[in-house]
>>> print(open('upload37.txt').read())   # compact mmCIF, C-alpha atoms and all ligand atoms
# COMPACT_ATOMS: atom_id res chain seq x y z
CA MET S 7 57.07 61.24 -25.53
CA GLN S 8 55.47 64.61 -24.90
CA ILE S 9 54.48 66.22 -21.61
CA LEU S 10 51.18 68.10 -21.95
CA ASP S 11 51.83 71.25 -19.94
CA GLY S 12 48.63 72.77 -18.54
CA THR S 13 50.25 76.08 -17.59
CA ALA S 14 50.92 76.91 -21.26
CA VAL S 15 47.29 76.18 -22.16
CA ARG S 16 46.07 78.24 -19.22
CA ALA S 17 48.21 81.20 -20.29
CA GLU S 18 46.72 81.09 -23.78
CA ILE S 19 43.13 80.87 -22.47
CA LEU S 20 43.61 83.78 -20.07
CA ALA S 21 45.34 85.91 -22.72
CA GLY S 22 42.34 85.36 -24.98
CA LEU S 23 39.93 86.54 -22.28
CA LYS S 24 41.65 89.87 -21.52
CA PRO S 25 40.60 91.76 -24.68
CA ARG S 26 37.06 90.41 -24.35
CA ILE S 27 36.86 91.75 -20.78
CA HIS S 28 38.15 95.16 -21.91
CA GLN S 29 35.42 95.39 -24.52
CA LEU S 30 32.62 95.06 -21.97
CA SER S 31 30.86 98.13 -20.56
CA ARG S 32 31.46 96.88 -16.99
CA PRO S 33 33.63 94.16 -15.44
CA PRO S 34 32.20 90.64 -15.38
CA GLY S 35 31.10 89.70 -11.85
CA LEU S 36 31.57 86.35 -10.11
CA ALA S 37 30.11 85.52 -6.69
CA VAL S 38 31.70 82.61 -4.84
CA VAL S 39 29.79 81.11 -1.93
CA LEU S 40 32.04 79.32 0.53
CA VAL S 41 30.23 77.76 3.48
CA GLY S 42 32.25 77.00 6.63
CA HIS S 43 35.98 76.40 6.82
CA ASN S 44 36.93 73.35 4.75
CA PRO S 45 40.72 73.85 4.28
CA ALA S 46 40.83 72.43 0.73
CA SER S 47 37.81 74.54 -0.31
CA GLU S 48 39.42 77.65 1.17
CA ILE S 49 42.53 77.07 -0.98
CA TYR S 50 40.45 76.51 -4.14
CA VAL S 51 38.36 79.63 -3.50
CA ARG S 52 41.45 81.74 -2.83
CA GLY S 53 42.83 80.64 -6.22
CA LYS S 54 39.56 81.53 -7.96
CA ILE S 55 39.33 85.00 -6.37
CA LYS S 56 42.99 85.69 -7.17
CA ALA S 57 42.49 84.73 -10.82
CA CYS S 58 39.52 87.13 -11.03
CA GLY S 59 41.63 89.98 -9.62
CA GLU S 60 44.43 89.38 -12.11
CA LEU S 61 42.04 89.42 -15.06
CA GLY S 62 39.86 92.37 -14.05
CA ILE S 63 36.81 90.30 -13.12
CA TYR S 64 34.85 91.68 -10.16
CA SER S 65 34.57 88.98 -7.51
CA GLU S 66 32.72 88.67 -4.27
CA LYS S 67 33.23 86.01 -1.63
CA ILE S 68 30.24 85.17 0.54
CA THR S 69 31.17 83.09 3.58
CA PRO S 70 28.17 81.87 5.58
CA ALA S 71 28.80 79.96 8.80
CA GLU S 72 29.08 76.15 8.77
CA SER S 73 25.74 76.01 10.64
CA ILE S 74 23.69 77.76 7.91
CA SER S 75 20.40 76.09 6.95
CA THR S 76 19.33 75.13 3.44
CA GLY S 77 16.66 77.86 3.54
CA GLU S 78 19.13 80.57 4.50
CA LEU S 79 21.55 79.48 1.78
CA LEU S 80 18.73 79.47 -0.78
CA ALA S 81 17.93 83.07 0.24
CA ILE S 82 21.56 84.08 -0.44
CA ILE S 83 21.46 82.43 -3.88
CA ASP S 84 18.14 84.10 -4.62
CA GLU S 85 19.61 87.52 -3.91
CA LEU S 86 22.66 86.81 -6.10
CA ASN S 87 20.35 85.67 -8.89
CA ARG S 88 18.65 89.09 -8.79
CA ARG S 89 21.76 91.29 -8.71
CA PRO S 90 22.52 92.65 -12.19
CA GLU S 91 26.28 93.10 -11.67
CA ILE S 92 26.71 89.42 -10.78
CA ASP S 93 27.09 87.31 -13.95
CA GLY S 94 28.30 84.06 -12.43
CA ILE S 95 27.54 82.24 -9.17
CA LEU S 96 29.61 79.40 -7.85
CA VAL S 97 28.76 77.41 -4.74
CA GLN S 98 31.91 75.68 -3.53
CA MET S 99 31.35 71.99 -2.85
CA PRO S 100 31.20 70.05 -0.60
CA LEU S 101 28.50 71.68 1.52
CA PRO S 102 27.93 70.76 5.20
CA ARG S 103 25.83 67.68 5.82
CA GLN S 104 22.65 69.50 6.91
CA ILE S 105 22.44 71.27 3.53
CA ASP S 106 20.45 69.87 0.63
CA SER S 107 23.23 70.36 -1.97
CA ARG S 108 21.06 69.40 -4.91
CA ARG S 109 18.45 72.03 -4.04
CA VAL S 110 21.15 74.65 -3.69
CA LEU S 111 22.77 73.85 -7.06
CA GLU S 112 19.36 73.87 -8.71
CA ALA S 113 18.56 77.27 -7.17
CA VAL S 114 21.37 78.98 -9.09
CA ALA S 115 19.84 80.65 -12.16
CA PRO S 116 20.99 78.56 -15.19
CA GLU S 117 22.16 81.77 -16.91
CA LYS S 118 24.43 82.51 -13.91
CA ASP S 119 25.70 78.95 -13.48
CA ALA S 120 29.48 79.48 -13.60
CA ASP S 121 30.26 75.78 -12.96
CA GLY S 122 27.81 74.38 -15.49
CA PHE S 123 26.33 71.99 -12.90
CA HIS S 124 22.67 73.06 -13.15
CA PRO S 125 20.50 70.30 -14.71
CA VAL S 126 19.39 72.73 -17.45
CA ASN S 127 23.03 73.22 -18.47
CA VAL S 128 23.74 69.50 -18.18
CA GLY S 129 20.87 69.11 -20.64
CA HIS S 130 22.41 71.72 -22.94
CA LEU S 131 25.71 69.82 -22.80
CA VAL S 132 24.08 66.50 -23.67
CA ALA S 133 22.05 68.11 -26.48
CA GLY S 134 25.15 69.86 -27.86
CA ARG S 135 23.65 73.32 -27.31
CA PRO S 136 25.58 76.33 -26.03
CA GLY S 137 25.78 76.94 -22.29
CA PRO S 138 28.33 76.98 -19.49
CA ARG S 139 30.29 73.73 -19.36
CA PRO S 140 31.82 72.05 -16.29
CA CYS S 141 35.28 73.56 -15.94
CA THR S 142 37.62 70.59 -15.56
CA PRO S 143 36.21 68.61 -18.53
CA ALA S 144 36.13 71.76 -20.69
CA GLY S 145 39.78 72.37 -19.73
CA ILE S 146 40.69 68.84 -20.84
CA ILE S 147 39.16 69.45 -24.27
CA GLU S 148 41.05 72.79 -24.56
CA MET S 149 44.26 70.96 -23.66
CA LEU S 150 43.68 68.26 -26.32
CA LYS S 151 42.98 70.92 -28.96
CA TYR S 152 45.97 73.03 -27.97
CA TYR S 153 48.27 70.03 -28.49
CA HIS S 154 46.42 68.90 -31.64
CA VAL S 155 45.59 65.48 -30.23
CA PRO S 156 43.34 63.85 -32.85
CA LEU S 157 39.97 62.77 -31.46
CA GLU S 158 37.74 62.03 -34.45
CA GLY S 159 37.36 58.29 -34.91
CA ARG S 160 39.74 57.57 -32.03
CA HIS S 161 38.87 55.34 -29.13
CA ALA S 162 38.69 57.31 -25.88
CA VAL S 163 38.34 55.49 -22.58
CA VAL S 164 37.25 57.52 -19.54
CA ILE S 165 37.70 55.99 -16.09
CA GLY S 166 35.23 57.61 -13.67
CA ARG S 167 31.57 58.58 -14.05
CA SER S 168 31.20 61.52 -11.68
CA ASP S 169 28.93 64.43 -12.61
CA ILE S 170 31.89 66.78 -12.26
CA VAL S 171 34.47 65.06 -14.47
CA GLY S 172 33.82 61.58 -15.86
CA LYS S 173 30.34 61.93 -17.37
CA PRO S 174 30.75 65.42 -18.86
CA VAL S 175 34.19 64.71 -20.34
CA ALA S 176 32.83 61.53 -21.94
CA ILE S 177 30.01 63.54 -23.57
CA MET S 178 32.42 66.23 -24.76
CA LEU S 179 34.71 63.59 -26.31
CA LEU S 180 31.68 62.08 -28.02
CA GLN S 181 30.90 65.52 -29.47
CA GLU S 182 34.46 65.60 -30.82
CA ASN S 183 33.58 62.39 -32.68
CA ALA S 184 35.63 60.02 -30.55
CA THR S 185 34.29 56.54 -29.84
CA VAL S 186 33.87 56.63 -26.08
CA THR S 187 33.91 53.95 -23.42
CA ILE S 188 33.13 54.90 -19.81
CA CYS S 189 34.64 52.71 -17.10
CA HIS S 190 33.92 52.88 -13.37
CA SER S 191 34.27 51.06 -10.07
CA LYS S 192 32.11 48.14 -11.27
CA THR S 193 33.84 47.65 -14.63
CA SER S 194 35.27 44.16 -15.08
CA ASN S 195 38.67 43.83 -16.77
CA LEU S 196 39.49 47.50 -16.29
CA ALA S 197 43.10 47.22 -17.50
CA GLU S 198 41.96 45.38 -20.63
CA GLU S 199 39.33 48.05 -21.45
CA CYS S 200 41.91 50.78 -20.95
CA ARG S 201 44.49 49.10 -23.17
CA ARG S 202 42.12 49.63 -26.12
CA ALA S 203 42.32 53.40 -25.69
CA ASP S 204 44.04 55.82 -28.04
CA LEU S 205 43.13 58.40 -25.41
CA LEU S 206 42.85 57.43 -21.75
CA VAL S 207 41.29 59.86 -19.25
CA ALA S 208 41.70 58.89 -15.59
CA ALA S 209 39.30 60.66 -13.18
CA ILE S 210 39.16 58.22 -10.30
CA GLY S 211 40.69 59.68 -7.15
CA LYS S 212 42.91 56.62 -6.51
CA PRO S 213 46.63 57.39 -6.42
CA GLY S 214 48.60 55.56 -9.11
CA LEU S 215 45.80 53.10 -9.92
CA VAL S 216 46.55 53.29 -13.64
CA THR S 217 49.76 51.35 -14.20
CA GLY S 218 51.71 50.50 -17.35
CA ASP S 219 49.51 47.49 -18.15
CA PHE S 220 46.50 49.86 -18.59
CA ILE S 221 48.21 51.87 -21.31
CA ALA S 222 48.56 50.92 -24.98
CA PRO S 223 51.97 51.86 -26.36
CA GLY S 224 51.66 55.34 -27.88
CA ALA S 225 48.38 56.26 -26.19
CA VAL S 226 47.69 59.79 -24.92
CA VAL S 227 46.96 59.82 -21.18
CA ILE S 228 45.11 62.56 -19.30
CA ASP S 229 45.46 62.28 -15.53
CA VAL S 230 42.75 64.24 -13.72
CA GLY S 231 43.52 62.82 -10.28
CA GLN S 232 44.67 65.17 -7.53
CA ASN S 233 45.45 62.98 -4.57
CA ARG S 234 47.28 64.15 -1.48
CA ILE S 235 48.96 61.07 -0.05
CA ALA S 236 50.26 60.68 3.48
CA ASP S 237 51.63 57.14 3.05
CA ARG S 238 55.41 57.10 2.61
CA ALA S 239 55.52 53.60 1.10
CA LEU S 240 52.97 54.62 -1.54
CA ALA S 241 54.93 57.80 -2.27
CA GLU S 242 58.01 55.63 -2.69
CA ARG S 243 56.21 53.26 -5.07
CA LEU S 244 55.08 56.25 -7.17
CA GLY S 245 58.60 57.69 -7.24
CA ARG S 246 57.71 60.66 -5.00
CA ARG S 247 59.64 59.81 -1.85
CA GLU S 248 61.80 62.90 -2.07
CA GLU S 249 58.76 65.19 -2.28
CA PHE S 250 57.15 63.27 0.59
CA ASP S 251 60.20 63.63 2.83
CA ARG S 252 60.38 67.35 2.09
CA LYS S 253 56.70 68.19 2.60
CA GLY S 254 55.25 65.37 4.69
CA PHE S 255 52.87 64.50 1.84
CA ALA S 256 52.94 64.11 -1.93
CA LEU S 257 50.47 65.28 -4.57
CA VAL S 258 49.95 62.51 -7.11
CA GLY S 259 47.55 61.68 -9.89
CA ASP S 260 45.59 58.53 -10.67
CA VAL S 261 48.30 57.37 -13.09
CA HIS S 262 51.65 55.86 -12.12
CA PRO S 263 54.08 58.62 -13.18
CA ALA S 264 57.09 56.52 -14.25
CA GLU S 265 55.02 53.87 -16.03
CA VAL S 266 53.00 56.36 -18.09
CA ALA S 267 56.21 58.12 -19.10
CA ARG S 268 57.54 54.80 -20.38
CA THR S 269 54.47 53.76 -22.40
CA ALA S 270 52.40 56.77 -23.52
CA SER S 271 53.14 59.10 -26.43
CA ALA S 272 51.94 62.09 -24.41
CA TYR S 273 50.60 62.63 -20.91
CA THR S 274 49.61 65.30 -18.39
CA PRO S 275 51.81 65.52 -15.29
CA VAL S 276 50.44 65.99 -11.78
CA PRO S 277 50.84 68.73 -10.73
CA GLY S 278 50.94 71.02 -13.76
CA GLY S 279 48.69 69.14 -16.18
CA VAL S 280 44.90 69.35 -15.94
CA GLY S 281 44.95 71.22 -12.60
CA PRO S 282 45.78 74.71 -13.96
CA LEU S 283 42.93 74.57 -16.48
CA THR S 284 39.98 74.37 -14.10
CA ILE S 285 40.22 77.96 -12.88
CA ALA S 286 41.02 79.20 -16.40
CA MET S 287 37.76 77.66 -17.65
CA LEU S 288 35.85 79.16 -14.72
CA MET S 289 37.14 82.54 -15.86
CA ALA S 290 36.12 81.72 -19.44
CA ASN S 291 32.61 80.73 -18.29
CA THR S 292 32.26 83.95 -16.27
CA VAL S 293 33.31 86.14 -19.20
CA ARG S 294 30.93 84.31 -21.52
CA LEU S 295 28.03 84.74 -19.07
CA ALA S 296 28.85 88.46 -18.74
CA GLU S 297 28.95 88.90 -22.52
CA ARG S 298 25.50 87.36 -22.74
CA HIS S 299 24.07 89.45 -19.90
CA ILE S 300 25.50 92.72 -21.16
P1 LIG S 401 34.44 60.91 -7.63
O1 LIG S 401 34.88 60.23 -6.36
O2 LIG S 401 33.18 61.68 -7.65
O3 LIG S 401 34.34 59.81 -8.78
C1 LIG S 401 35.32 58.82 -8.94
C2 LIG S 401 34.90 57.87 -10.04
O4 LIG S 401 35.92 56.87 -10.15
C3 LIG S 401 33.59 57.17 -9.75
O5 LIG S 401 32.73 57.36 -10.85
C4 LIG S 401 33.96 55.68 -9.60
O6 LIG S 401 33.04 54.83 -10.27
C5 LIG S 401 35.32 55.59 -10.25
N1 LIG S 401 36.18 54.65 -9.52
C6 LIG S 401 36.46 54.65 -8.20
N2 LIG S 401 37.26 53.60 -7.91
C7 LIG S 401 37.49 52.93 -9.06
C8 LIG S 401 38.24 51.79 -9.39
N3 LIG S 401 38.92 51.11 -8.48
N4 LIG S 401 38.24 51.41 -10.68
C9 LIG S 401 37.56 52.10 -11.63
N5 LIG S 401 36.85 53.20 -11.36
C10 LIG S 401 36.81 53.62 -10.10
O7 LIG S 401 35.69 61.81 -8.08
P2 LIG S 401 35.77 63.07 -9.08
O8 LIG S 401 35.16 64.25 -8.44
O9 LIG S 401 35.34 62.68 -10.44
O10 LIG S 401 37.35 63.28 -9.08
C11 LIG S 401 38.24 62.29 -9.55
C12 LIG S 401 39.67 62.76 -9.33
O11 LIG S 401 39.88 63.96 -10.06
C13 LIG S 401 40.01 63.10 -7.88
O12 LIG S 401 41.37 62.75 -7.64
C14 LIG S 401 39.85 64.60 -7.85
O13 LIG S 401 40.66 65.20 -6.84
C15 LIG S 401 40.32 64.98 -9.21
N6 LIG S 401 39.79 66.27 -9.70
C16 LIG S 401 40.67 67.17 -10.18
C17 LIG S 401 40.23 68.40 -10.66
C18 LIG S 401 41.24 69.37 -11.19
O14 LIG S 401 42.27 68.99 -11.63
N7 LIG S 401 40.98 70.63 -11.17
C19 LIG S 401 38.88 68.70 -10.64
C20 LIG S 401 37.97 67.75 -10.17
C21 LIG S 401 38.45 66.52 -9.71
>>> encode(input="upload37.txt", output="structure tokens")
Amino acid sequence: MQILDGTAVRAEILAGLKPRIHQLSRPPGLAVVLVGHNPASEIYVRGKIKACGELGIYSEKITPAESISTGELLAIIDELNRRPEIDGILVQMPLPRQIDSRRVLEAVAPEKDADGFHPVNVGHLVAGRPGPRPCTPAGIIEMLKYYHVPLEGRHAVVIGRSDIVGKPVAIMLLQENATVTICHSKTSNLAEECRRADLLVAAIGKPGLVTGDFIAPGAVVIDVGQNRIADRALAERLGRREEFDRKGFALVGDVHPAEVARTASAYTPVPGGVGPLTIAMLMANTVRLAERHI
């Protein structure tokens, strides 16, 4: 049984970016738009800005008030689209309720779309053409390649069909010549579908939903879930009581940690598996966009 360590993959990705950044005539530039004061978003954005600083990417944080209107936010995006030193724009989700999030994401110029969420880039992904890819799914593929997990001809089952993780990772696995099944909240016989997987990707947002009976012996399991749980009994069931008692919460994935360790041939831990790769791929997207602009 192998633990797929995301920090090692992240280190390799970032090391590969450094010489590319040095070759450019100016630093790549990333603008991060963070509306309001969502605590989780603030932590994510801090991590993104810090990663830029460490790599030599110019970053700018724009922090409009919670009360901003869609029109005002669109004006900010429009200005960022025009600025030549800004290569990538990222609008941190979720946005406040009064904002038309779709309009905002679609306002980002596709050639500055650091998250790969613009419909034009979703189209490029589906058509197998180059373009920025959503960061978490792209990180999963990097992880699988780093550990030489065979994909061609293998049966991959993805649980979750979100635009951010489930759908794009399923398309990327298809492009790696896996046979892909997508499961979701309306799938009947979920455990049975999952047991057919050589590669199981769980992107659900439900702590420990994937138990041993979902996993074929020897399967590779990628746990995308990042769930902060405040229920001591659940922490206990997932073998995280000690962490819970120390911190008052536990961070767990969508896969039952002890049961996956018993059944799978390889799996990503939470934390330390897929999590570290998202920011690394954001950096990779930003450098790629800068290379194209310059
Ligand atoms: P989402 O809520 O948008 O989508 C969840 C998906 O799971 C849906 O498509 C739904 O159909 C499916 N689902 C829900 N309940 C189900 C059930 N009982 N059985 C089968 N399918 C079910 O979530 P998301 O944005 O895709 O994120 C999923 C998880 O991944 C979350 O825990 C999130 O925190 C985590 N995540 C981690 C990273 C990272 O590691 N950097 C990035 C993005 C998301």
>>> closest_atom_pairs(input="upload37.txt", of="chain S", to="ligand LIG 401 (chain S)", cutoff="6 Å", atoms="all atoms listed in the file", output="JSON lines")
{"residue": "S:Thr142", "atom": "CA", "partner": "S:LIG401", "partner_atom": "C19", "distance": 5.4}
{"residue": "S:Ile165", "atom": "CA", "partner": "S:LIG401", "partner_atom": "N5", "distance": 5.6}
{"residue": "S:Gly166", "atom": "CA", "partner": "S:LIG401", "partner_atom": "C2", "distance": 3.7}
{"residue": "S:Arg167", "atom": "CA", "partner": "S:LIG401", "partner_atom": "O5", "distance": 3.6}
{"residue": "S:Ser168", "atom": "CA", "partner": "S:LIG401", "partner_atom": "O9", "distance": 4.5}
{"residue": "S:Ile170", "atom": "CA", "partner": "S:LIG401", "partner_atom": "O8", "distance": 5.6}
{"residue": "S:Val171", "atom": "CA", "partner": "S:LIG401", "partner_atom": "O9", "distance": 4.8}
{"residue": "S:Gly172", "atom": "CA", "partner": "S:LIG401", "partner_atom": "O9", "distance": 5.7}
{"residue": "S:His190", "atom": "CA", "partner": "S:LIG401", "partner_atom": "N5", "distance": 3.6}
{"residue": "S:Ser191", "atom": "CA", "partner": "S:LIG401", "partner_atom": "N5", "distance": 3.6}
{"residue": "S:Ala209", "atom": "CA", "partner": "S:LIG401", "partner_atom": "C11", "distance": 4.1}
{"residue": "S:Ile210", "atom": "CA", "partner": "S:LIG401", "partner_atom": "O4", "distance": 3.5}
{"residue": "S:Gly211", "atom": "CA", "partner": "S:LIG401", "partner_atom": "O12", "distance": 3.2}
{"residue": "S:Val230", "atom": "CA", "partner": "S:LIG401", "partner_atom": "O11", "distance": 4.7}
{"residue": "S:Gly231", "atom": "CA", "partner": "S:LIG401", "partner_atom": "O12", "distance": 3.4}
{"residue": "S:Gln232", "atom": "CA", "partner": "S:LIG401", "partner_atom": "O13", "distance": 4.1}
{"residue": "S:Asn233", "atom": "CA", "partner": "S:LIG401", "partner_atom": "O12", "distance": 5.1}
{"residue": "S:Val280", "atom": "CA", "partner": "S:LIG401", "partner_atom": "O14", "distance": 5.1}
{"residue": "S:Gly281", "atom": "CA", "partner": "S:LIG401", "partner_atom": "O14", "distance": 3.6}
{"residue": "S:Thr284", "atom": "CA", "partner": "S:LIG401", "partner_atom": "N7", "distance": 4.9}
>>> write_last_selection(input="upload37.txt", atoms="C-alpha atoms", output="PDB file, keeping the file's coordinate frame")
ATOM      1  CA  THR S 142      37.620  70.590 -15.560  1.00  0.00           C
ATOM      2  CA  ILE S 165      37.700  55.990 -16.090  1.00  0.00           C
ATOM      3  CA  GLY S 166      35.230  57.610 -13.670  1.00  0.00           C
ATOM      4  CA  ARG S 167      31.570  58.580 -14.050  1.00  0.00           C
ATOM      5  CA  SER S 168      31.200  61.520 -11.680  1.00  0.00           C
ATOM      6  CA  ILE S 170      31.890  66.780 -12.260  1.00  0.00           C
ATOM      7  CA  VAL S 171      34.470  65.060 -14.470  1.00  0.00           C
ATOM      8  CA  GLY S 172      33.820  61.580 -15.860  1.00  0.00           C
ATOM      9  CA  HIS S 190      33.920  52.880 -13.370  1.00  0.00           C
ATOM     10  CA  SER S 191      34.270  51.060 -10.070  1.00  0.00           C
ATOM     11  CA  ALA S 209      39.300  60.660 -13.180  1.00  0.00           C
ATOM     12  CA  ILE S 210      39.160  58.220 -10.300  1.00  0.00           C
ATOM     13  CA  GLY S 211      40.690  59.680  -7.150  1.00  0.00           C
ATOM     14  CA  VAL S 230      42.750  64.240 -13.720  1.00  0.00           C
ATOM     15  CA  GLY S 231      43.520  62.820 -10.280  1.00  0.00           C
ATOM     16  CA  GLN S 232      44.670  65.170  -7.530  1.00  0.00           C
ATOM     17  CA  ASN S 233      45.450  62.980  -4.570  1.00  0.00           C
ATOM     18  CA  VAL S 280      44.900  69.350 -15.940  1.00  0.00           C
ATOM     19  CA  GLY S 281      44.950  71.220 -12.600  1.00  0.00           C
ATOM     20  CA  THR S 284      39.980  74.370 -14.100  1.00  0.00           C
TER      21      THR S 284
END
>>> closest_residue(input="upload37.txt", among="S:Ala46, S:Ile74, S:Val175, S:Ala203", to="Ile146 in chain S", atoms="all atoms listed in the file")
S:Val175
>>> closest_residue(input="upload37.txt", among="S:Pro282, S:Pro25, S:Gly94, S:Pro263", to="Gly12 in chain S", atoms="all atoms listed in the file")
S:Pro282
>>> closest_residue(input="upload37.txt", among="S:Leu30, S:Met7, S:Leu61, S:Ala264", to="His299 in chain S", atoms="only C-alpha atoms")
S:Leu30
>>> atom_distance(input="upload37.txt", atom1="CA of Val163 in chain S", atom2="CA of Gly218 in chain S")
15.2 Å
>>> atom_distance(input="upload37.txt", atom1="CA of Leu80 in chain S", atom2="CA of Arg32 in chain S")
27.0 Å
>>> residues_around(input="upload37.txt", residues="Asp84 in chain S", least_positions_apart="5", cutoff="10 Å", atoms="only C-alpha atoms", output="list in words")
Glu78, Leu79, Arg89, Val110, Ala113, Val114 and Ala115 of chain S
>>> atom_distance(input="upload37.txt", atom1="CA of Thr274 in chain S", atom2="CA of Lys24 in chain S")
26.0 Å
>>> closest_residue(input="upload37.txt", among="S:Gly254, S:Gly245, S:Pro70, S:Pro90", to="Lys118 in chain S", atoms="all atoms listed in the file")
S:Pro90
